[in-house]
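Below is the file run_1.cif, which contains mmCIF, C-alpha atoms.
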```cif
data_target
#
loop_
_atom_site.label_atom_id
_atom_site.label_comp_id
_atom_site.auth_asym_id
_atom_site.auth_seq_id
_atom_site.Cartn_x
_atom_site.Cartn_y
_atom_site.Cartn_z
CA MET A 9 -45.94 7.00 -57.11
CA GLU A 10 -43.54 5.85 -54.44
CA SER A 11 -40.32 7.82 -54.09
CA SER A 12 -36.93 6.15 -54.43
CA ASP A 13 -35.93 6.84 -50.82
CA GLY A 14 -39.11 5.21 -49.50
CA THR A 15 -40.42 8.30 -47.68
CA GLU A 16 -43.76 8.10 -49.46
CA GLU A 17 -45.67 4.82 -49.49
CA PRO A 18 -47.37 3.74 -52.72
CA PRO A 19 -51.15 4.24 -52.75
CA LEU A 20 -53.02 1.11 -51.80
CA PRO A 21 -54.95 -0.63 -54.56
CA LEU A 22 -58.72 -0.95 -54.27
CA ALA A 23 -60.09 -2.94 -51.34
CA LEU A 24 -62.95 -5.06 -52.74
CA SER A 25 -64.82 -5.17 -49.42
CA ARG A 26 -65.18 -1.38 -49.51
CA PHE A 27 -67.38 -1.81 -52.61
CA GLN A 28 -69.46 -4.78 -51.39
CA VAL A 29 -67.50 -7.03 -53.75
CA SER A 30 -66.75 -10.48 -52.35
CA GLU A 31 -63.40 -12.29 -52.64
CA GLU A 32 -65.38 -15.52 -53.11
CA PHE A 33 -68.48 -14.42 -55.04
CA GLY A 34 -67.46 -11.21 -56.84
CA PHE A 35 -70.50 -9.04 -57.55
CA LEU A 36 -72.94 -11.81 -56.54
CA LEU A 37 -74.73 -11.29 -53.23
CA PRO A 38 -73.06 -13.90 -50.98
CA ASP A 39 -75.53 -16.65 -49.97
CA PRO A 40 -78.70 -14.50 -50.24
CA LEU A 41 -81.54 -14.82 -47.74
CA THR A 42 -84.48 -16.91 -48.97
CA GLU A 43 -87.09 -15.85 -46.36
CA LEU A 44 -88.36 -12.46 -45.23
CA PRO A 45 -89.52 -11.83 -41.63
CA ALA A 46 -93.07 -13.01 -40.81
CA PRO A 47 -94.81 -9.62 -41.36
CA TYR A 48 -93.90 -9.90 -45.04
CA SER A 49 -95.50 -13.29 -45.66
CA PRO A 50 -98.15 -11.70 -48.00
CA TRP A 51 -95.29 -10.77 -50.37
CA MET A 52 -93.50 -14.11 -50.07
CA ASP A 53 -96.74 -16.10 -50.54
CA LEU A 54 -97.49 -14.23 -53.78
CA ALA A 55 -93.91 -14.49 -55.02
CA ARG A 56 -93.82 -18.26 -54.53
CA GLU A 57 -96.91 -18.71 -56.74
CA LEU A 58 -95.99 -16.28 -59.51
CA PRO A 59 -95.77 -18.67 -62.50
CA GLN A 60 -99.20 -20.20 -61.76
CA LEU A 61 -100.83 -16.85 -60.92
CA ILE A 62 -99.53 -15.21 -64.10
CA THR A 63 -100.41 -18.03 -66.49
CA GLY A 64 -103.82 -18.32 -64.74
CA HIS A 65 -104.39 -14.55 -65.18
CA GLN A 66 -104.91 -14.17 -61.41
CA LEU A 67 -101.90 -12.16 -60.25
CA ARG A 68 -103.42 -8.69 -60.71
CA SER A 69 -106.51 -9.52 -58.67
CA ARG A 70 -104.32 -11.07 -55.95
CA VAL A 71 -102.12 -7.95 -55.86
CA HIS A 72 -105.23 -5.77 -55.44
CA GLN A 73 -106.15 -7.82 -52.33
CA MET A 74 -102.63 -7.54 -50.86
CA PRO A 75 -102.24 -5.42 -47.71
CA GLN A 76 -99.98 -2.36 -47.92
CA LEU A 77 -97.05 -3.26 -45.69
CA SER A 78 -94.64 -0.88 -43.99
CA THR A 79 -90.99 -1.43 -44.91
CA GLN A 80 -89.75 -0.36 -41.46
CA HIS A 81 -89.31 -3.94 -40.22
CA LEU A 82 -86.77 -4.76 -42.94
CA GLN A 83 -83.29 -4.77 -41.45
CA GLY A 84 -79.94 -4.99 -43.17
CA ARG A 85 -78.83 -5.24 -46.78
CA GLU A 86 -79.78 -8.92 -47.19
CA GLU A 87 -83.42 -8.42 -46.15
CA LEU A 88 -83.70 -5.34 -48.36
CA HIS A 89 -82.26 -7.23 -51.34
CA LEU A 90 -84.72 -10.10 -50.90
CA ALA A 91 -87.63 -7.64 -50.54
CA HIS A 92 -86.48 -5.86 -53.73
CA LEU A 93 -86.19 -9.17 -55.57
CA VAL A 94 -89.69 -10.25 -54.48
CA LEU A 95 -91.34 -6.90 -55.28
CA SER A 96 -89.50 -6.71 -58.62
CA PHE A 97 -90.79 -10.10 -59.73
CA ILE A 98 -94.33 -9.33 -58.56
CA THR A 99 -94.21 -6.00 -60.44
CA MET A 100 -93.03 -7.57 -63.71
CA GLY A 101 -95.73 -10.22 -63.43
CA TYR A 102 -98.35 -7.58 -62.68
CA VAL A 103 -97.39 -5.35 -65.62
CA TRP A 104 -96.93 -8.11 -68.22
CA GLN A 105 -99.56 -10.65 -67.07
CA GLU A 106 -101.67 -10.09 -70.20
CA GLY A 107 -98.75 -9.63 -72.60
CA GLU A 108 -97.70 -6.51 -74.43
CA GLU A 109 -101.24 -5.69 -75.59
CA GLY A 110 -102.73 -5.83 -72.09
CA THR A 111 -100.34 -3.64 -70.12
CA VAL A 112 -101.38 -1.40 -67.23
CA GLN A 113 -100.71 2.30 -66.75
CA VAL A 114 -100.69 2.29 -62.94
CA LEU A 115 -98.83 0.16 -60.40
CA PRO A 116 -101.18 0.08 -57.37
CA ARG A 117 -100.18 1.90 -54.19
CA ASN A 118 -99.93 -1.24 -52.02
CA LEU A 119 -97.16 -2.50 -54.34
CA ALA A 120 -95.69 0.77 -55.62
CA VAL A 121 -95.05 2.51 -52.25
CA PRO A 122 -93.12 -0.27 -50.47
CA TYR A 123 -91.29 -1.07 -53.72
CA TRP A 124 -90.21 2.56 -54.02
CA GLU A 125 -89.09 2.70 -50.37
CA VAL A 126 -87.00 -0.48 -50.64
CA SER A 127 -85.51 0.78 -53.91
CA GLN A 128 -84.55 4.10 -52.30
CA ALA A 129 -82.94 2.30 -49.36
CA LEU A 130 -80.79 0.18 -51.71
CA GLY A 131 -80.12 2.88 -54.30
CA LEU A 132 -81.68 0.70 -57.01
CA PRO A 133 -84.44 1.62 -59.48
CA PRO A 134 -87.96 0.23 -58.89
CA ILE A 135 -87.80 -2.34 -61.70
CA LEU A 136 -86.33 -5.80 -62.13
CA SER A 137 -82.63 -5.43 -62.93
CA HIS A 138 -79.60 -7.72 -63.20
CA ALA A 139 -78.89 -7.01 -59.52
CA ASP A 140 -82.18 -8.75 -58.58
CA PHE A 141 -82.66 -11.25 -61.38
CA VAL A 142 -79.19 -12.84 -61.09
CA LEU A 143 -77.00 -11.40 -58.33
CA ALA A 144 -79.53 -11.83 -55.48
CA ASN A 145 -81.67 -14.68 -56.84
CA TRP A 146 -79.80 -17.89 -56.05
CA ARG A 147 -79.55 -20.54 -53.37
CA ARG A 148 -77.71 -23.82 -52.94
CA LYS A 149 -79.83 -26.98 -52.74
CA ASP A 150 -77.20 -28.52 -50.46
CA PRO A 151 -75.86 -25.63 -48.31
CA ASN A 152 -72.47 -27.35 -48.10
CA GLY A 153 -72.38 -28.31 -51.77
CA PRO A 154 -70.53 -26.61 -54.63
CA LEU A 155 -71.59 -23.54 -56.60
CA GLU A 156 -72.45 -25.63 -59.66
CA ILE A 157 -75.65 -25.64 -61.68
CA GLU A 158 -76.75 -29.05 -60.38
CA ASN A 159 -76.63 -27.74 -56.82
CA LEU A 160 -78.22 -24.35 -57.55
CA ASP A 161 -81.74 -23.03 -57.78
CA THR A 162 -83.45 -19.67 -58.02
CA ILE A 163 -85.27 -18.13 -55.03
CA ILE A 164 -88.11 -16.52 -57.03
CA THR A 165 -89.21 -17.44 -60.56
CA LEU A 166 -91.60 -16.44 -63.34
CA PRO A 167 -93.17 -18.36 -66.25
CA GLY A 168 -90.57 -20.20 -68.31
CA GLY A 169 -89.91 -23.29 -66.19
CA GLU A 170 -86.53 -24.96 -66.61
CA SER A 171 -85.48 -22.54 -69.36
CA LEU A 172 -85.90 -19.55 -67.04
CA ARG A 173 -84.05 -21.35 -64.27
CA GLY A 174 -81.27 -22.17 -66.75
CA PHE A 175 -81.10 -18.60 -68.06
CA ILE A 176 -80.67 -17.17 -64.55
CA LEU A 177 -78.23 -19.80 -63.30
CA VAL A 178 -75.99 -19.84 -66.38
CA THR A 179 -75.75 -16.04 -66.12
CA LEU A 180 -74.88 -16.49 -62.43
CA LEU A 181 -72.10 -18.94 -63.37
CA VAL A 182 -70.70 -16.34 -65.81
CA GLU A 183 -70.56 -13.88 -62.87
CA LYS A 184 -68.88 -16.54 -60.69
CA ALA A 185 -66.31 -17.32 -63.40
CA ALA A 186 -65.36 -13.63 -63.41
CA VAL A 187 -64.24 -13.63 -59.75
CA PRO A 188 -60.51 -14.36 -60.38
CA GLY A 189 -60.58 -11.56 -62.97
CA ILE A 190 -62.08 -9.12 -60.47
CA LYS A 191 -59.28 -9.96 -58.02
CA ALA A 192 -56.78 -9.59 -60.88
CA ILE A 193 -58.01 -6.00 -61.37
CA VAL A 194 -56.78 -5.12 -57.88
CA GLN A 195 -53.47 -6.91 -58.48
CA ALA A 196 -52.99 -5.18 -61.85
CA LEU A 197 -53.61 -1.73 -60.39
CA GLY A 198 -51.27 -2.40 -57.47
CA ALA A 199 -48.57 -3.65 -59.85
CA THR A 200 -49.03 -0.63 -62.13
CA LEU A 201 -48.66 1.79 -59.21
CA GLN A 202 -45.51 0.02 -58.04
CA ARG A 203 -44.11 -0.36 -61.57
CA ASP A 204 -43.89 -4.10 -60.93
CA GLU A 205 -44.00 -5.53 -64.45
CA GLU A 206 -43.75 -9.16 -63.33
CA SER A 207 -46.79 -8.85 -61.04
CA LEU A 208 -48.68 -6.97 -63.76
CA HIS A 209 -47.95 -9.76 -66.23
CA ARG A 210 -49.30 -12.36 -63.77
CA ALA A 211 -52.43 -10.27 -63.13
CA LEU A 212 -53.12 -9.89 -66.87
CA GLN A 213 -52.70 -13.65 -67.39
CA GLU A 214 -55.18 -14.24 -64.57
CA LEU A 215 -57.63 -11.78 -66.12
CA ALA A 216 -57.41 -13.40 -69.57
CA GLY A 217 -58.03 -16.82 -67.99
CA ALA A 218 -61.09 -15.53 -66.11
CA ILE A 219 -62.63 -14.02 -69.25
CA GLY A 220 -62.03 -17.32 -71.05
CA ALA A 221 -63.82 -19.14 -68.21
CA MET A 222 -66.74 -16.69 -68.53
CA SER A 223 -67.05 -17.60 -72.22
CA GLN A 224 -67.03 -21.29 -71.30
CA ALA A 225 -69.82 -20.69 -68.75
CA LEU A 226 -71.84 -18.63 -71.25
CA ARG A 227 -71.77 -21.48 -73.78
CA ARG A 228 -73.86 -23.54 -71.36
CA MET A 229 -76.84 -21.34 -72.25
CA HIS A 230 -77.32 -23.62 -75.29
CA ASP A 231 -77.73 -26.64 -73.00
CA TYR A 232 -80.19 -25.14 -70.52
CA VAL A 233 -82.36 -22.61 -72.35
CA ASP A 234 -84.87 -23.35 -75.14
CA PRO A 235 -84.83 -20.43 -77.65
CA GLU A 236 -88.59 -20.62 -78.29
CA VAL A 237 -89.42 -20.55 -74.59
CA PHE A 238 -86.98 -17.69 -74.01
CA TYR A 239 -88.39 -15.60 -76.84
CA SER A 240 -92.09 -16.40 -76.50
CA VAL A 241 -92.43 -16.70 -72.72
CA ILE A 242 -89.51 -15.32 -70.71
CA ARG A 243 -88.36 -12.22 -72.56
CA ILE A 244 -91.40 -10.03 -71.99
CA PHE A 245 -90.98 -10.27 -68.19
CA LEU A 246 -87.50 -8.72 -68.52
CA SER A 247 -88.87 -5.78 -70.55
CA GLY A 248 -89.08 -2.30 -69.08
CA TRP A 249 -91.15 0.80 -69.70
CA LYS A 250 -88.52 3.05 -71.26
CA ASP A 251 -87.93 2.98 -75.04
CA ASN A 252 -90.58 0.26 -75.29
CA PRO A 253 -93.40 0.82 -77.84
CA ALA A 254 -95.67 -1.45 -75.76
CA MET A 255 -95.53 1.09 -72.90
CA PRO A 256 -94.63 4.40 -74.55
CA HIS A 257 -95.74 6.55 -71.60
CA GLY A 258 -94.02 4.66 -68.80
CA LEU A 259 -95.74 3.55 -65.60
CA ILE A 260 -97.40 5.54 -62.80
CA TYR A 261 -96.24 4.38 -59.37
CA GLU A 262 -99.37 5.21 -57.36
CA GLY A 263 -98.62 7.05 -54.12
CA VAL A 264 -95.10 7.84 -55.35
CA SER A 265 -95.47 10.10 -58.37
CA PRO A 266 -98.54 11.42 -60.25
CA GLU A 267 -96.43 11.43 -63.43
CA PRO A 268 -95.42 8.18 -65.20
CA LEU A 269 -91.85 7.02 -64.60
CA ALA A 270 -89.76 5.25 -67.26
CA PHE A 271 -87.17 2.58 -66.45
CA SER A 272 -85.23 0.22 -68.70
CA GLY A 273 -85.71 -3.52 -68.42
CA GLY A 274 -83.10 -6.04 -67.35
CA SER A 275 -79.98 -6.15 -69.51
CA ALA A 276 -76.58 -7.84 -69.52
CA ALA A 277 -75.25 -4.28 -69.82
CA GLN A 278 -76.22 -3.84 -66.14
CA SER A 279 -73.58 -6.37 -65.06
CA SER A 280 -70.67 -4.56 -63.38
CA VAL A 281 -68.14 -7.18 -64.51
CA LEU A 282 -67.70 -6.12 -68.13
CA HIS A 283 -67.80 -2.42 -67.21
CA ALA A 284 -64.94 -3.10 -64.77
CA PHE A 285 -62.88 -4.99 -67.36
CA ASP A 286 -63.47 -2.25 -69.95
CA GLU A 287 -62.27 0.42 -67.54
CA LEU A 288 -59.16 -1.56 -66.54
CA LEU A 289 -58.17 -2.23 -70.16
CA GLY A 290 -58.99 1.31 -71.32
CA ILE A 291 -61.61 0.18 -73.86
CA CYS A 292 -63.30 3.22 -75.44
CA HIS A 293 -66.80 2.68 -76.83
CA ARG A 294 -68.44 4.89 -79.45
CA HIS A 295 -70.46 7.83 -78.19
CA ASP A 296 -74.03 6.50 -78.46
CA THR A 297 -73.04 3.05 -77.22
CA ALA A 298 -71.06 4.53 -74.33
CA ALA A 299 -74.04 6.72 -73.40
CA PHE A 300 -76.32 3.66 -73.11
CA LEU A 301 -73.71 1.72 -71.10
CA HIS A 302 -73.30 4.64 -68.70
CA ARG A 303 -77.06 4.83 -68.24
CA MET A 304 -77.07 1.12 -67.37
CA ARG A 305 -74.74 1.89 -64.46
CA ASP A 306 -77.73 3.53 -62.74
CA TYR A 307 -79.18 0.01 -62.46
CA MET A 308 -76.18 -1.36 -60.53
CA PRO A 309 -75.98 -1.43 -56.73
CA PRO A 310 -74.36 1.92 -55.82
CA ALA A 311 -71.26 0.31 -54.30
CA HIS A 312 -70.61 -1.65 -57.50
CA ARG A 313 -71.15 1.48 -59.59
CA ALA A 314 -68.62 3.26 -57.36
CA PHE A 315 -66.11 0.44 -57.95
CA VAL A 316 -66.42 0.89 -61.72
CA GLN A 317 -66.08 4.67 -61.36
CA GLU A 318 -62.99 4.22 -59.21
CA LEU A 319 -61.42 2.13 -61.97
CA ARG A 320 -62.21 4.85 -64.47
CA ALA A 321 -60.22 7.32 -62.37
CA ALA A 322 -57.37 4.89 -61.60
CA VAL A 323 -53.90 4.79 -63.09
CA SER A 324 -53.92 3.53 -66.70
CA VAL A 325 -52.78 -0.08 -67.08
CA ARG A 326 -52.77 0.38 -70.85
CA GLN A 327 -50.41 3.38 -70.62
CA CYS A 328 -48.15 1.40 -68.30
CA VAL A 329 -47.96 -1.48 -70.80
CA LEU A 330 -47.27 0.95 -73.66
CA ALA A 331 -44.58 2.75 -71.67
CA ALA A 332 -42.89 -0.51 -70.65
CA GLY A 333 -42.20 -1.45 -74.27
CA ASP A 334 -42.10 -5.10 -73.19
CA ALA A 335 -43.36 -7.58 -75.82
CA ARG A 336 -44.31 -10.16 -73.17
CA LEU A 337 -46.40 -7.63 -71.23
CA ARG A 338 -48.01 -6.37 -74.43
CA ALA A 339 -48.94 -9.94 -75.43
CA ALA A 340 -50.54 -10.57 -72.01
CA PHE A 341 -52.55 -7.35 -72.31
CA ASN A 342 -53.67 -8.28 -75.83
CA ARG A 343 -54.75 -11.74 -74.64
CA CYS A 344 -57.16 -9.99 -72.27
CA VAL A 345 -58.53 -7.81 -75.07
CA CYS A 346 -58.90 -10.83 -77.40
CA ALA A 347 -60.64 -12.84 -74.69
CA LEU A 348 -63.07 -9.96 -74.07
CA THR A 349 -63.69 -9.61 -77.83
CA ASP A 350 -64.39 -13.36 -78.08
CA PHE A 351 -66.79 -13.18 -75.13
CA ARG A 352 -68.71 -10.40 -76.84
CA SER A 353 -68.79 -12.32 -80.14
CA GLN A 354 -70.25 -15.25 -78.28
CA HIS A 355 -72.87 -12.99 -76.72
CA ILE A 356 -73.83 -11.85 -80.25
CA ALA A 357 -74.18 -15.50 -81.34
CA ILE A 358 -76.50 -16.19 -78.40
CA VAL A 359 -78.61 -13.10 -79.08
CA THR A 360 -78.83 -14.17 -82.74
CA LYS A 361 -80.13 -17.61 -81.73
CA TYR A 362 -82.42 -16.56 -78.88
CA ILE A 363 -83.81 -13.33 -80.33
CA ALA A 364 -83.22 -12.84 -84.09
CA ILE A 365 -83.82 -16.42 -85.26
CA ALA A 366 -86.54 -16.93 -82.64
CA ALA A 367 -88.26 -13.72 -83.80
CA THR A 368 -88.17 -14.89 -87.42
CA LYS A 369 -89.76 -18.19 -86.42
CA ALA A 370 -92.40 -16.37 -84.35
CA ARG A 371 -93.26 -14.12 -87.33
CA ALA A 372 -93.58 -17.20 -89.55
CA ARG A 373 -95.91 -18.83 -87.04
CA ARG A 374 -98.03 -15.67 -86.85
CA ALA A 375 -98.36 -15.73 -90.64
CA GLU A 376 -99.72 -19.29 -90.64
CA PRO A 377 -103.52 -19.57 -91.00
CA SER A 378 -103.68 -21.79 -87.91
CA ALA A 379 -101.33 -19.60 -85.87
CA SER A 380 -100.98 -21.01 -82.37
CA ALA A 381 -99.65 -19.40 -79.22
CA GLY A 382 -96.10 -19.84 -78.02
CA PRO A 383 -95.34 -22.50 -75.42
CA SER A 384 -97.36 -22.10 -72.20
CA ALA A 385 -98.11 -18.42 -72.83
CA GLY A 386 -99.88 -15.95 -75.10
CA LYS A 387 -98.57 -14.42 -78.29
CA PRO A 388 -94.82 -13.86 -78.53
CA PRO A 389 -94.07 -10.15 -78.05
CA THR A 390 -93.37 -8.01 -81.11
CA ALA A 391 -92.61 -4.59 -79.59
CA LEU A 392 -88.95 -5.42 -78.89
CA GLU A 393 -88.19 -7.67 -81.86
CA ALA A 394 -85.14 -5.61 -82.86
CA LYS A 395 -84.31 -4.32 -79.38
CA GLY A 396 -82.79 -5.63 -76.19
CA THR A 397 -84.90 -5.71 -73.04
CA GLY A 398 -82.90 -2.70 -71.86
CA GLY A 399 -84.22 -0.77 -74.89
CA SER A 400 -81.09 -0.69 -77.08
CA GLN A 401 -81.01 -1.43 -80.82
CA ILE A 402 -79.56 -4.77 -79.94
CA PHE A 403 -77.41 -5.89 -82.89
CA SER A 404 -75.88 -2.54 -83.80
CA PHE A 405 -75.24 -2.02 -80.06
CA LEU A 406 -73.56 -5.39 -79.45
CA LYS A 407 -71.49 -5.25 -82.64
CA SER A 408 -70.33 -1.73 -81.80
CA ILE A 409 -69.22 -2.89 -78.35
CA ARG A 410 -67.43 -5.93 -79.79
CA ASP A 411 -65.67 -3.89 -82.49
CA SER A 412 -64.51 -1.13 -80.13
CA THR A 413 -63.21 -3.83 -77.76
CA ARG A 414 -61.12 -5.28 -80.59
CA GLU A 415 -59.76 -1.79 -81.30
CA GLY A 416 -58.26 -1.85 -77.80
CA LEU A 417 -55.46 -4.17 -78.97
CA ILE A 418 -51.97 -2.69 -78.67
CA SER A 419 -50.11 -3.08 -81.97
CA ALA A 420 -46.49 -4.18 -82.02
#
```

Please express the file's structure as structure tokens.
Amino acid sequence: MESSDGTEEPPLPLALSRFQVSEEFGFLLPDPLTELPAPYSPWMDLARELPQLITGHQLRSRVHQMPQLSTQHLQGREELHLAHLVLSFITMGYVWQEGEEGTVQVLPRNLAVPYWEVSQALGLPPILSHADFVLANWRRKDPNGPLEIENLDTIITLPGGESLRGFILVTLLVEKAAVPGIKAIVQALGATLQRDEESLHRALQELAGAIGAMSQALRRMHDYVDPEVFYSVIRIFLSGWKDNPAMPHGLIYEGVSPEPLAFSGGSAAQSSVLHAFDELLGICHRHDTAAFLHRMRDYMPPAHRAFVQELRAAVSVRQCVLAAGDARLRAAFNRCVCALTDFRSQHIAIVTKYIAIAATKARARRAEPSASAGPSAGKPPTALEAKGTGGSQIFSFLKSIRDSTREGLISA
């Protein structure tokens, strides 16, 4: 802390740029590239046709014909992120092309080796994660237009049509809504270090407002995503090969490892935003839940993971509020905790609609004598009916997180 005679300056709060966090876009990759250099056209050509190739059962044969490209011509973080996005989507399509009963055991060398190299360069795992699916997978239709859903599109897609586009872009808008809250983290830490209760109060108000805006953005999922399409078509392509009965032994990355490797699928738990808010507010999750959340940090870009870790080690805002004994400050802190609890309740409601109710309907359809396939795809998956795509027991996990968030309230 600063000394009263001013001889020691207060420590500076976190600089977002040091952690590849943008003042304008938060954890989103700012204006991602949409084209790779010419040598990588075989990847881009495949990626652009993925929905048709997968539904036409042609992707695997096309991948087998693909040349093995060197990754040495990829330069800079943006090119690496686009390459990782493209190779992630191709990999998920390759593995799940024939549904959960037609999985493969080996990812071929011409895909596995460059995918591994790009993953190593970025510090990301070689599987589709939130960092690819959402953070790096967006473009503006009008480059000068606003960051609103009508002016946004994905760069790479999979089967699922408008519902997949909606799922990705609504999640992106939740990330965008968090940006004032991410900046409020820095303000709150600075105010805590300087014992500036007025600035801390303002920062907490800003944080509560941002979490409320995230909830508002999340509600748009109902407008843009069809539950049946999400459950029957989209969800399997987000599934991984760890804790998944459909792929109990993992996946061999040919030319990388003779032993199968196991990685979790994409999960909202891989978003750095809620981890950051939890750390700032001192939310303590139960042991098994916390263990899964910490494992999900391995799926974040390393700089974002470091940001969350830095918050974990930072001065405690909660202790500062408790020590201040100020009812106004305590109320502002509790508004943040309530807003985060509400957000998590809303997430549970969405998971109920898009997974639990959709799974019940899918089971009922399977039981009908004239059982038909789900929309534009094969049979709805059954392996993860009670689990999230990351491999967690989804309802007990989400309710545990919501309840331990609520327990973070400071009583009068």

12 Å contact set for stretch 54-68 of chain A, all atoms listed in the file, chain neighbours under 6 positions out, as a PyMOL selection string: chain A and resi 42-44+48+74-75+90-107+110-112+114-116+118-119+162-170+172+241-242+245+383-386

Got a sec to check which residues sit within 12 Å of (-58.4, -19.0, -63.4), counting only C-alpha atoms, and write them as a ChimeraX atom specification? /A:184-192,210-222,224

Quick one: write out the picked residues with C-alpha atoms as a PDB file, keeping the file's coordinate frame?
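As a result, again-v6.pdb now contains:
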```pdb
ATOM      1  CA  LYS A 184     -68.880 -16.540 -60.690  1.00  0.00           C
ATOM      2  CA  ALA A 185     -66.310 -17.320 -63.400  1.00  0.00           C
ATOM      3  CA  ALA A 186     -65.360 -13.630 -63.410  1.00  0.00           C
ATOM      4  CA  VAL A 187     -64.240 -13.630 -59.750  1.00  0.00           C
ATOM      5  CA  PRO A 188     -60.510 -14.360 -60.380  1.00  0.00           C
ATOM      6  CA  GLY A 189     -60.580 -11.560 -62.970  1.00  0.00           C
ATOM      7  CA  ILE A 190     -62.080  -9.120 -60.470  1.00  0.00           C
ATOM      8  CA  LYS A 191     -59.280  -9.960 -58.020  1.00  0.00           C
ATOM      9  CA  ALA A 192     -56.780  -9.590 -60.880  1.00  0.00           C
ATOM     10  CA  ARG A 210     -49.300 -12.360 -63.770  1.00  0.00           C
ATOM     11  CA  ALA A 211     -52.430 -10.270 -63.130  1.00  0.00           C
ATOM     12  CA  LEU A 212     -53.120  -9.890 -66.870  1.00  0.00           C
ATOM     13  CA  GLN A 213     -52.700 -13.650 -67.390  1.00  0.00           C
ATOM     14  CA  GLU A 214     -55.180 -14.240 -64.570  1.00  0.00           C
ATOM     15  CA  LEU A 215     -57.630 -11.780 -66.120  1.00  0.00           C
ATOM     16  CA  ALA A 216     -57.410 -13.400 -69.570  1.00  0.00           C
ATOM     17  CA  GLY A 217     -58.030 -16.820 -67.990  1.00  0.00           C
ATOM     18  CA  ALA A 218     -61.090 -15.530 -66.110  1.00  0.00           C
ATOM     19  CA  ILE A 219     -62.630 -14.020 -69.250  1.00  0.00           C
ATOM     20  CA  GLY A 220     -62.030 -17.320 -71.050  1.00  0.00           C
ATOM     21  CA  ALA A 221     -63.820 -19.140 -68.210  1.00  0.00           C
ATOM     22  CA  MET A 222     -66.740 -16.690 -68.530  1.00  0.00           C
ATOM     23  CA  GLN A 224     -67.030 -21.290 -71.300  1.00  0.00           C
TER      24      GLN A 224
END
```

Please provide the set of residues having any atom within 8 Å of stretch 294-297 of chain A, restricted to only C-alpha atoms, with same-chain residues fewer than 4 positions apart removed, written as a VMD selection string. chain A and resid 301 405 408 to 409 412

Enumerate, as a PyMOL selection string, the residues matched when the PyMOL selection byres ((chain A and resi 326) around 12) is run on the file above. chain A and resi 196-197+200+208+212+285-292+322-325+327-333+337-342+344-345+416-419

In Å, with one decimal, what is the gap from atom CA of A:Ala311 to atom CA of A:Leu24? 10.0 Å

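Here atom CA of A:Leu177 stands at a distance of 12.2 Å from atom CA of A:His138.
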
Have a look at A:Ser353, A:Asp334, A:Arg410, A:Ala366 and name the one nearest to A:Glu206; count all atoms listed in the file.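 Using all atoms listed in the file, A:Glu206 sits closest to A:Asp334.
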
List the spatial neighbours of A:Ala144 as a ChimeraX atom specification - criterion: any atom at most 8 Å away, only C-alpha atoms, same-chain residues fewer than 5 positions off excluded. /A:36-37,40,89-90,93,139

Reconstructed stretch 65-76 of chain A, atom set N, CA and C atoms, as a short mmCIF file (atom, residue, chain, number, x, y, z; two decimals), in the coordinates of the input:
```cif
data_model
loop_
_atom_site.label_atom_id
_atom_site.label_comp_id
_atom_site.auth_asym_id
_atom_site.auth_seq_id
_atom_site.Cartn_x
_atom_site.Cartn_y
_atom_site.Cartn_z
N HIS A 65 -103.80 -15.90 -65.09
CA HIS A 65 -104.39 -14.55 -65.18
C HIS A 65 -105.01 -14.11 -63.84
N GLN A 66 -104.37 -14.49 -62.74
CA GLN A 66 -104.91 -14.17 -61.41
C GLN A 66 -104.04 -13.22 -60.60
N LEU A 67 -102.83 -12.93 -61.08
CA LEU A 67 -101.90 -12.16 -60.25
C LEU A 67 -102.43 -10.76 -59.94
N ARG A 68 -102.97 -10.08 -60.94
CA ARG A 68 -103.42 -8.69 -60.71
C ARG A 68 -104.50 -8.64 -59.64
N SER A 69 -105.45 -9.55 -59.70
CA SER A 69 -106.51 -9.52 -58.67
C SER A 69 -105.94 -9.85 -57.30
N ARG A 70 -104.94 -10.74 -57.24
CA ARG A 70 -104.32 -11.07 -55.95
C ARG A 70 -103.53 -9.87 -55.40
N VAL A 71 -102.86 -9.14 -56.29
CA VAL A 71 -102.12 -7.95 -55.86
C VAL A 71 -103.09 -6.92 -55.29
N HIS A 72 -104.24 -6.75 -55.92
CA HIS A 72 -105.23 -5.77 -55.44
C HIS A 72 -105.74 -6.11 -54.04
N GLN A 73 -105.70 -7.40 -53.67
CA GLN A 73 -106.15 -7.82 -52.33
C GLN A 73 -105.02 -7.76 -51.30
N MET A 74 -103.80 -7.50 -51.74
CA MET A 74 -102.63 -7.54 -50.86
C MET A 74 -102.63 -6.35 -49.90
N PRO A 75 -102.31 -6.56 -48.63
CA PRO A 75 -102.24 -5.42 -47.71
C PRO A 75 -101.04 -4.53 -48.05
N GLN A 76 -101.14 -3.23 -47.74
CA GLN A 76 -99.98 -2.36 -47.92
C GLN A 76 -99.12 -2.46 -46.67
#
```
